[in-house]
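Have a look at the structure below, then the notes.
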Amino acid sequence: MAPSFTARIQWFLLRALGFLIGLVGRAALVLTGPKFASKTPRPVTEPLLLLSGMQLAKLIRQRKVKCTDVVQAYINRIKDVNPMINGIVKCRFEEAMKEAHAVDQKLAERQEDEASLEKKWPFLGVPFTVKEAFQLQGGEGCTLAAACSVIGVGSDIGGSIRMPAFFNGIFGHKPSPGVVPNKGQFPLAVGVQELFQCTGPMCRYAEDLTPMLKVMAGPGIKRLKLDAKVHLKDLKFYWMEHDGGSFLMSKVDQDLILAQKKVVVHLETILGASVQHIKLKKMKYSFQLWAAMMSAKGHDGKEPLKFVDLLGDHGKHVTPLWELIKWCLGLSVYTIPSIGLALLEEKFKYNNEKYQKFKAVEESLRKELVEMLGDDGVFLYPSHPTVAPKHHVPLTRPFNFAYTGVFSALGFPVTQCPLGLNAKGLPLGIQVVAAPFNDHLTLAVAQYLEKTFGGWVCPGKF
């Protein structure tokens with residue numbers, strides 16, 4: 001299924017266009033963008049900010065710590081750091097303090113014991129943040145990484161939980177599809193996109209992932225086996241260091257390959273687990289598989305949501321190419337990523353023949369992985385080809401998200417796990433993948449990797 005010469009020329013032109021857009025974007029940032037001095041957030045000095053959500057909840061239930069003190073500590077951190085990172089776009093400090101006072105008052109009445117409180121409200125009194133509009137990239141990730149929050153909610157249809165989590169050195173979990181309700185997301189996916197859009201937890205500490213997922217899933221939790229005991233040394237581990245060399249994506253950074261190999265060596269020599277290096281040839285079609293699935297109609301016959309319609313608010317007609325020209329002249333009201341996405345959307349509107357072609361590839365790859373992993377296997381794969389890129393650089397590599405997007409198309413649960421920092425202080429990480437509804441395996445591996453490689457690194461220490 002090698003691409004034709006014409007197709008390769010088209011891809012080359014698209015990448016060249018992306019490169020030019022990136023250059024214009026960088027120039028616009030230099031000439032017209034806000035000027036920020038190079039700063040590093042101050043290290044965390046408040047001990048309450050260095051506790052997991054589960055630890056905070058326990059101390060609050062035991063009346064050893066007041067909820068108001070916890071909330072105030074996070075408010076202080078946000079006020080100190082947010083002007084630098086701009087991760088919090090809507091503050092509700094007064095309302096949060098009122099809610100914290102209500103929690104402290106409820107606990108002071110001692111109407112319920114600790115066990116009852118834990119069962120009803122496992123995160124009672126713990127502050128959390130939610131990804132604004134769910135479709136923004138990075139805000140929730142950097143908010144958590146900067147210790148402005150301890151647990152958060154994100155959404156993922158192609159990697160929007162896992163990529164920000166990876167870039168910022170925290171944990172992020174994309175659940176098996178259909179487990180956690182997507183109510184409240186904007187824009188709400190329609191058609192076949194509903195099958196791939198997932199709401200999931202993001203956090204600094206791996207022990208918060210499972211209890212968060214239990215709360216978020218509600219009745220859907222019955223489809224998972226989160227209470228099953230996982231014996232890691234009995235699991236089958238598989239790993240693959242890159243997609244096989246697709247010309248659409250960047251090569252995987254050597255730092256990420258070395259970090260992955262350290263994990264493999266540890267699993268083999270210290271844990272004594274079975275680890276097998278594999279090559280899945282179909283992974284080089286990751287982007288095409290994701291694009292094909294996103295362009296398909298749902299079982300109800302509904303067309304997938306068009307991003308260009310969102311730009312026009314389902315009324316005004318928007319011509320992406322014209323908006324690109326206007327943007328270069330500083331006249332467009334739209335951002336360059338939104339214009340670029342609208343342009344690519346039209347390019348990758350697959351006809352039925354092309355869709356069926358990649359649907360067959362997707363089904364074949366899914367079958368191969370399900371049979372390989374079974375109910376006792378996990379797959380280690382890069383979270384992204386590169387470490388966190390600078391602003392506008394992703395515009396020159398628009399297909400790199402396929403490293404996460406392919407598992408959205410396949411419908412597999414995935415946990416992004418941090419693996420420390422590279423020599424430049426940028427986070428390393430890895431995706432831990434399991435067969436559908438085996439989320440408990442990836443979450444158990446996440447806790448083990450945290451204990452082994454350190455997990456989240458407190459900002460300001462590098």
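Scheme for the structure tokens: letters A, B, ... for chains in order shown; per-chain residue numbers from 1; ligand numbers from 1 in order shown.
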
When you look at A:Phe401 with a cut-off of 9 Å (counting only C-alpha atoms), what residues show up, excluding the ones that are within fewer than 2 positions of it in the same chain? I need them as an MDAnalysis selection string. chainID A and resid 158:159 163 249 287 383:385 397:399 403:406

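Taking only C-alpha atoms into account, A:Leu311 lies nearest to A:Thr335 out of the set A:Gln105, A:Asn82, A:Thr335, A:Ser155.
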
From the list A:Ser364, A:Lys214, A:Ser408, A:Thr415, which residue is nearest A:Lys120 when using only C-alpha atoms?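 Comparing A:Ser364, A:Lys214, A:Ser408, A:Thr415 against A:Lys120, the winner is A:Lys214.
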
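In this model, the gap between atom CA of A:Gln260 and atom CA of A:Ser246 comes to 19.6 Å.
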
Min atom-atom distance to A:Gly340 from the set A:Ile430, A:Tyr355, A:Trp121, A:Leu324, counting only C-alpha atoms, belongs to A:Leu324

Exercise: A:Leu280 partners within 8 Å, only C-alpha atoms, chain neighbours under 3 positions left out, as a PyMOL selection string: chain A and resi 243-244+283

Got time to write the residues from that selection, all heavy atoms, as a PDB file, in the first residue's frame?
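Heads up, here's the output in again_11.pdb:
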```pdb
ATOM      1  N   ASP A 243       7.091   4.373  14.510  1.00  0.00           N
ATOM      2  CA  ASP A 243       6.017   3.868  13.657  1.00  0.00           C
ATOM      3  C   ASP A 243       6.517   3.120  12.420  1.00  0.00           C
ATOM      4  O   ASP A 243       5.711   2.757  11.559  1.00  0.00           O
ATOM      5  CB  ASP A 243       5.084   5.008  13.237  1.00  0.00           C
ATOM      6  CG  ASP A 243       5.777   6.032  12.342  1.00  0.00           C
ATOM      7  OD1 ASP A 243       6.996   5.890  12.091  1.00  0.00           O
ATOM      8  OD2 ASP A 243       5.109   6.984  11.905  1.00  0.00           O
ATOM      9  N   GLY A 244       7.801   2.922  12.314  1.00  0.00           N
ATOM     10  CA  GLY A 244       8.343   2.219  11.169  1.00  0.00           C
ATOM     11  C   GLY A 244       8.906   3.135  10.109  1.00  0.00           C
ATOM     12  O   GLY A 244       9.399   2.688   9.081  1.00  0.00           O
ATOM     13  N   MET A 283       1.368   0.383  11.428  1.00  0.00           N
ATOM     14  CA  MET A 283       1.415   1.602  12.246  1.00  0.00           C
ATOM     15  C   MET A 283       1.880   2.809  11.430  1.00  0.00           C
ATOM     16  O   MET A 283       1.627   3.949  11.813  1.00  0.00           O
ATOM     17  CB  MET A 283       2.340   1.402  13.446  1.00  0.00           C
ATOM     18  CG  MET A 283       1.789   0.441  14.494  1.00  0.00           C
ATOM     19  SD  MET A 283       0.300   1.032  15.315  1.00  0.00           S
ATOM     20  CE  MET A 283       1.009   2.189  16.482  1.00  0.00           C
TER      21      MET A 283
END
```

Of the candidates A:Lys281, A:Asn438, A:Lys251, A:Val387, which one gets nearest to A:Lys222 if we count only C-alpha atoms?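 Answer, going by the shortest atom-to-atom distance: A:Asn438.
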
Calculate how many Å separate atom CA of A:Ile157 from atom CA of A:Gly411, rounding to one decimal.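 Separation between atom CA of A:Ile157 and atom CA of A:Gly411: 10.0 Å.
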
From the list A:Leu449, A:Leu117, A:Val150, A:Ala206, which residue is nearest A:Val70 when using only C-alpha atoms?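 Checking each candidate against A:Val70, we get A:Val150 as the closest.
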
Applying 12 Å and only C-alpha atoms, which residues near A:Trp239 remain after dropping the ones on its own chain fewer than 2 positions away? List them as a VMD selection string. chain A and resid 236 to 237 241 to 243 257 260 to 265 267 274 to 280 369 372 to 373 377 to 382 430 to 434

Restricting the output to N, CA and C atoms, write the selected residues as a short mmCIF file (atom, residue, chain, number, x, y, z; two decimals), in the first residue's frame.
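Written file, again.cif:
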```cif
data_model
loop_
_atom_site.label_atom_id
_atom_site.label_comp_id
_atom_site.auth_asym_id
_atom_site.auth_seq_id
_atom_site.Cartn_x
_atom_site.Cartn_y
_atom_site.Cartn_z
N LYS A 236 2.52 -9.68 29.92
CA LYS A 236 3.33 -9.73 28.70
C LYS A 236 3.52 -8.30 28.21
N PHE A 237 4.78 -7.88 28.06
CA PHE A 237 5.08 -6.53 27.60
C PHE A 237 5.58 -6.58 26.17
N GLU A 241 9.70 1.18 19.10
CA GLU A 241 10.29 2.49 19.35
C GLU A 241 9.82 3.59 18.41
N HIS A 242 9.20 3.23 17.25
CA HIS A 242 8.68 4.25 16.34
C HIS A 242 7.68 3.58 15.41
N ASP A 243 7.09 4.37 14.51
CA ASP A 243 6.02 3.87 13.66
C ASP A 243 6.52 3.12 12.42
N ILE A 257 13.73 7.36 22.69
CA ILE A 257 14.06 5.94 22.44
C ILE A 257 14.90 5.38 23.59
N GLN A 260 12.71 4.82 26.62
CA GLN A 260 11.91 3.62 26.45
C GLN A 260 12.73 2.36 26.68
N LYS A 261 13.97 2.36 26.18
CA LYS A 261 14.83 1.19 26.36
C LYS A 261 15.20 0.98 27.83
N LYS A 262 15.31 2.09 28.58
CA LYS A 262 15.56 1.95 30.03
C LYS A 262 14.41 1.24 30.71
N VAL A 263 13.19 1.58 30.28
CA VAL A 263 12.01 0.91 30.83
C VAL A 263 12.05 -0.58 30.50
N VAL A 264 12.37 -0.89 29.25
CA VAL A 264 12.43 -2.28 28.81
C VAL A 264 13.47 -3.07 29.60
N VAL A 265 14.66 -2.50 29.75
CA VAL A 265 15.72 -3.18 30.50
C VAL A 265 15.30 -3.41 31.95
N LEU A 267 12.22 -3.69 33.14
CA LEU A 267 11.18 -4.72 33.20
C LEU A 267 11.77 -6.12 33.06
N SER A 274 8.23 -10.68 30.93
CA SER A 274 8.43 -11.03 29.53
C SER A 274 8.25 -9.78 28.68
N VAL A 275 9.30 -9.38 27.95
CA VAL A 275 9.27 -8.17 27.12
C VAL A 275 9.69 -8.53 25.71
N GLN A 276 8.85 -8.19 24.74
CA GLN A 276 9.14 -8.55 23.35
C GLN A 276 9.13 -7.31 22.46
N HIS A 277 10.19 -7.16 21.67
CA HIS A 277 10.26 -6.08 20.69
C HIS A 277 9.50 -6.51 19.45
N ILE A 278 8.57 -5.66 18.97
CA ILE A 278 7.75 -6.03 17.82
C ILE A 278 7.81 -4.95 16.75
N LYS A 279 7.37 -5.29 15.56
CA LYS A 279 7.23 -4.34 14.46
C LYS A 279 5.85 -4.52 13.84
N LEU A 280 5.02 -3.51 13.96
CA LEU A 280 3.69 -3.52 13.37
C LEU A 280 3.74 -2.62 12.13
N LEU A 369 -3.58 -6.52 17.25
CA LEU A 369 -3.23 -6.05 18.58
C LEU A 369 -4.06 -6.72 19.67
N MET A 372 -2.77 -10.17 20.19
CA MET A 372 -1.44 -10.14 20.80
C MET A 372 -1.52 -9.79 22.28
N LEU A 373 -2.29 -8.77 22.62
CA LEU A 373 -2.33 -8.29 24.00
C LEU A 373 -3.22 -9.15 24.89
N GLY A 377 -1.70 -8.38 28.49
CA GLY A 377 -0.58 -7.78 27.79
C GLY A 377 -0.71 -6.27 27.68
N VAL A 378 0.44 -5.57 27.65
CA VAL A 378 0.46 -4.13 27.44
C VAL A 378 1.52 -3.80 26.39
N PHE A 379 1.30 -2.70 25.71
CA PHE A 379 2.14 -2.28 24.60
C PHE A 379 2.74 -0.92 24.93
N LEU A 380 4.07 -0.81 24.87
CA LEU A 380 4.78 0.44 25.15
C LEU A 380 5.11 1.13 23.83
N TYR A 381 4.72 2.41 23.72
CA TYR A 381 4.87 3.12 22.45
C TYR A 381 5.09 4.60 22.76
N PRO A 382 5.87 5.32 21.93
CA PRO A 382 6.12 6.74 22.20
C PRO A 382 4.83 7.56 22.28
N ILE A 430 6.02 7.96 27.98
CA ILE A 430 5.69 6.79 27.16
C ILE A 430 4.21 6.49 27.29
N GLN A 431 3.63 5.94 26.21
CA GLN A 431 2.25 5.47 26.26
C GLN A 431 2.22 4.00 26.66
N VAL A 432 1.30 3.67 27.56
CA VAL A 432 1.08 2.27 27.95
C VAL A 432 -0.31 1.91 27.45
N VAL A 433 -0.38 0.95 26.54
CA VAL A 433 -1.61 0.62 25.83
C VAL A 433 -2.07 -0.79 26.20
N ALA A 434 -3.38 -0.99 26.29
CA ALA A 434 -3.94 -2.32 26.54
C ALA A 434 -5.12 -2.55 25.62
#
```

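When atom CA of A:Ala409 is paired with atom CA of A:Trp290, their separation reads 5.2 Å.
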
Show me a table, sorted first by chain and then by increasing residue number, of the residues of stretch 96-130 of chain A having an atom at most 9 Å from stretch 40-62 of chain A, each with its shortest atom pair and the distance in Å to one decimal, counting only C-alpha atoms and written as JSON lines.
```
{"residue": "A:Asp104", "atom": "CA", "partner": "A:Ile60", "partner_atom": "CA", "distance": 8.3}
{"residue": "A:Leu107", "atom": "CA", "partner": "A:Arg61", "partner_atom": "CA", "distance": 7.2}
{"residue": "A:Asp113", "atom": "CA", "partner": "A:Arg61", "partner_atom": "CA", "distance": 8.4}
{"residue": "A:Glu114", "atom": "CA", "partner": "A:Arg61", "partner_atom": "CA", "distance": 5.8}
{"residue": "A:Ala115", "atom": "CA", "partner": "A:Arg61", "partner_atom": "CA", "distance": 8.9}
{"residue": "A:Leu117", "atom": "CA", "partner": "A:Arg61", "partner_atom": "CA", "distance": 7.0}
{"residue": "A:Glu118", "atom": "CA", "partner": "A:Arg61", "partner_atom": "CA", "distance": 7.6}
{"residue": "A:Pro122", "atom": "CA", "partner": "A:Ala57", "partner_atom": "CA", "distance": 6.9}
{"residue": "A:Phe123", "atom": "CA", "partner": "A:Ala57", "partner_atom": "CA", "distance": 5.3}
{"residue": "A:Leu124", "atom": "CA", "partner": "A:Ala57", "partner_atom": "CA", "distance": 5.9}
{"residue": "A:Gly125", "atom": "CA", "partner": "A:Ala57", "partner_atom": "CA", "distance": 6.4}
{"residue": "A:Val126", "atom": "CA", "partner": "A:Ala57", "partner_atom": "CA", "distance": 6.0}
{"residue": "A:Pro127", "atom": "CA", "partner": "A:Gly53", "partner_atom": "CA", "distance": 8.4}
{"residue": "A:Phe128", "atom": "CA", "partner": "A:Gly53", "partner_atom": "CA", "distance": 8.9}
```

Can you write out the residues you just picked, keeping N, CA, C and O atoms, as an mmCIF file, in the first residue's frame?
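Just written: out-v7.cif:
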```
data_model
loop_
_atom_site.group_PDB
_atom_site.id
_atom_site.type_symbol
_atom_site.label_atom_id
_atom_site.label_comp_id
_atom_site.auth_asym_id
_atom_site.auth_seq_id
_atom_site.Cartn_x
_atom_site.Cartn_y
_atom_site.Cartn_z
ATOM 1 N N ASP A 104 -15.832 22.075 55.315
ATOM 2 C CA ASP A 104 -15.318 22.089 56.691
ATOM 3 C C ASP A 104 -16.453 22.073 57.709
ATOM 4 O O ASP A 104 -16.365 21.399 58.752
ATOM 5 N N LEU A 107 -17.937 18.552 57.875
ATOM 6 C CA LEU A 107 -17.066 17.647 58.621
ATOM 7 C C LEU A 107 -17.095 17.944 60.116
ATOM 8 O O LEU A 107 -16.988 17.026 60.943
ATOM 9 N N ASP A 113 -18.892 8.881 59.541
ATOM 10 C CA ASP A 113 -17.523 8.500 59.853
ATOM 11 C C ASP A 113 -16.661 8.543 58.594
ATOM 12 O O ASP A 113 -17.145 8.763 57.476
ATOM 13 N N GLU A 114 -15.377 8.311 58.783
ATOM 14 C CA GLU A 114 -14.434 8.435 57.680
ATOM 15 C C GLU A 114 -14.723 7.450 56.558
ATOM 16 O O GLU A 114 -14.653 7.800 55.372
ATOM 17 N N ALA A 115 -15.058 6.213 56.901
ATOM 18 C CA ALA A 115 -15.326 5.190 55.887
ATOM 19 C C ALA A 115 -16.521 5.566 55.019
ATOM 20 O O ALA A 115 -16.497 5.396 53.791
ATOM 21 N N LEU A 117 -17.676 8.612 54.467
ATOM 22 C CA LEU A 117 -17.308 9.766 53.645
ATOM 23 C C LEU A 117 -16.480 9.345 52.430
ATOM 24 O O LEU A 117 -16.680 9.842 51.320
ATOM 25 N N GLU A 118 -15.548 8.409 52.649
ATOM 26 C CA GLU A 118 -14.695 7.949 51.553
ATOM 27 C C GLU A 118 -15.509 7.233 50.484
ATOM 28 O O GLU A 118 -15.247 7.379 49.283
ATOM 29 N N PRO A 122 -15.116 10.222 47.541
ATOM 30 C CA PRO A 122 -13.688 9.880 47.679
ATOM 31 C C PRO A 122 -12.745 11.070 47.542
ATOM 32 O O PRO A 122 -11.630 11.022 48.060
ATOM 33 N N PHE A 123 -13.174 12.140 46.871
ATOM 34 C CA PHE A 123 -12.328 13.325 46.714
ATOM 35 C C PHE A 123 -12.950 14.550 47.390
ATOM 36 O O PHE A 123 -12.724 15.681 46.960
ATOM 37 N N LEU A 124 -13.681 14.312 48.457
ATOM 38 C CA LEU A 124 -14.326 15.412 49.171
ATOM 39 C C LEU A 124 -13.295 16.448 49.627
ATOM 40 O O LEU A 124 -12.330 16.128 50.308
ATOM 41 N N GLY A 125 -13.501 17.688 49.203
ATOM 42 C CA GLY A 125 -12.631 18.779 49.622
ATOM 43 C C GLY A 125 -11.398 19.008 48.776
ATOM 44 O O GLY A 125 -10.648 19.959 49.004
ATOM 45 N N VAL A 126 -11.174 18.152 47.770
ATOM 46 C CA VAL A 126 -9.971 18.278 46.931
ATOM 47 C C VAL A 126 -10.265 19.205 45.747
ATOM 48 O O VAL A 126 -11.176 18.930 44.960
ATOM 49 N N PRO A 127 -9.529 20.295 45.587
ATOM 50 C CA PRO A 127 -9.746 21.188 44.438
ATOM 51 C C PRO A 127 -9.292 20.529 43.139
ATOM 52 O O PRO A 127 -8.347 19.740 43.131
ATOM 53 N N PHE A 128 -9.986 20.843 42.051
ATOM 54 C CA PHE A 128 -9.585 20.302 40.761
ATOM 55 C C PHE A 128 -9.900 21.316 39.666
ATOM 56 O O PHE A 128 -10.639 22.281 39.879
#
```

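Between A:Glu353 and the candidates A:Gly420, A:Ala96, A:Ala292, A:Gly272, the tightest atom-to-atom separation, counting only C-alpha atoms, involves A:Ala292.
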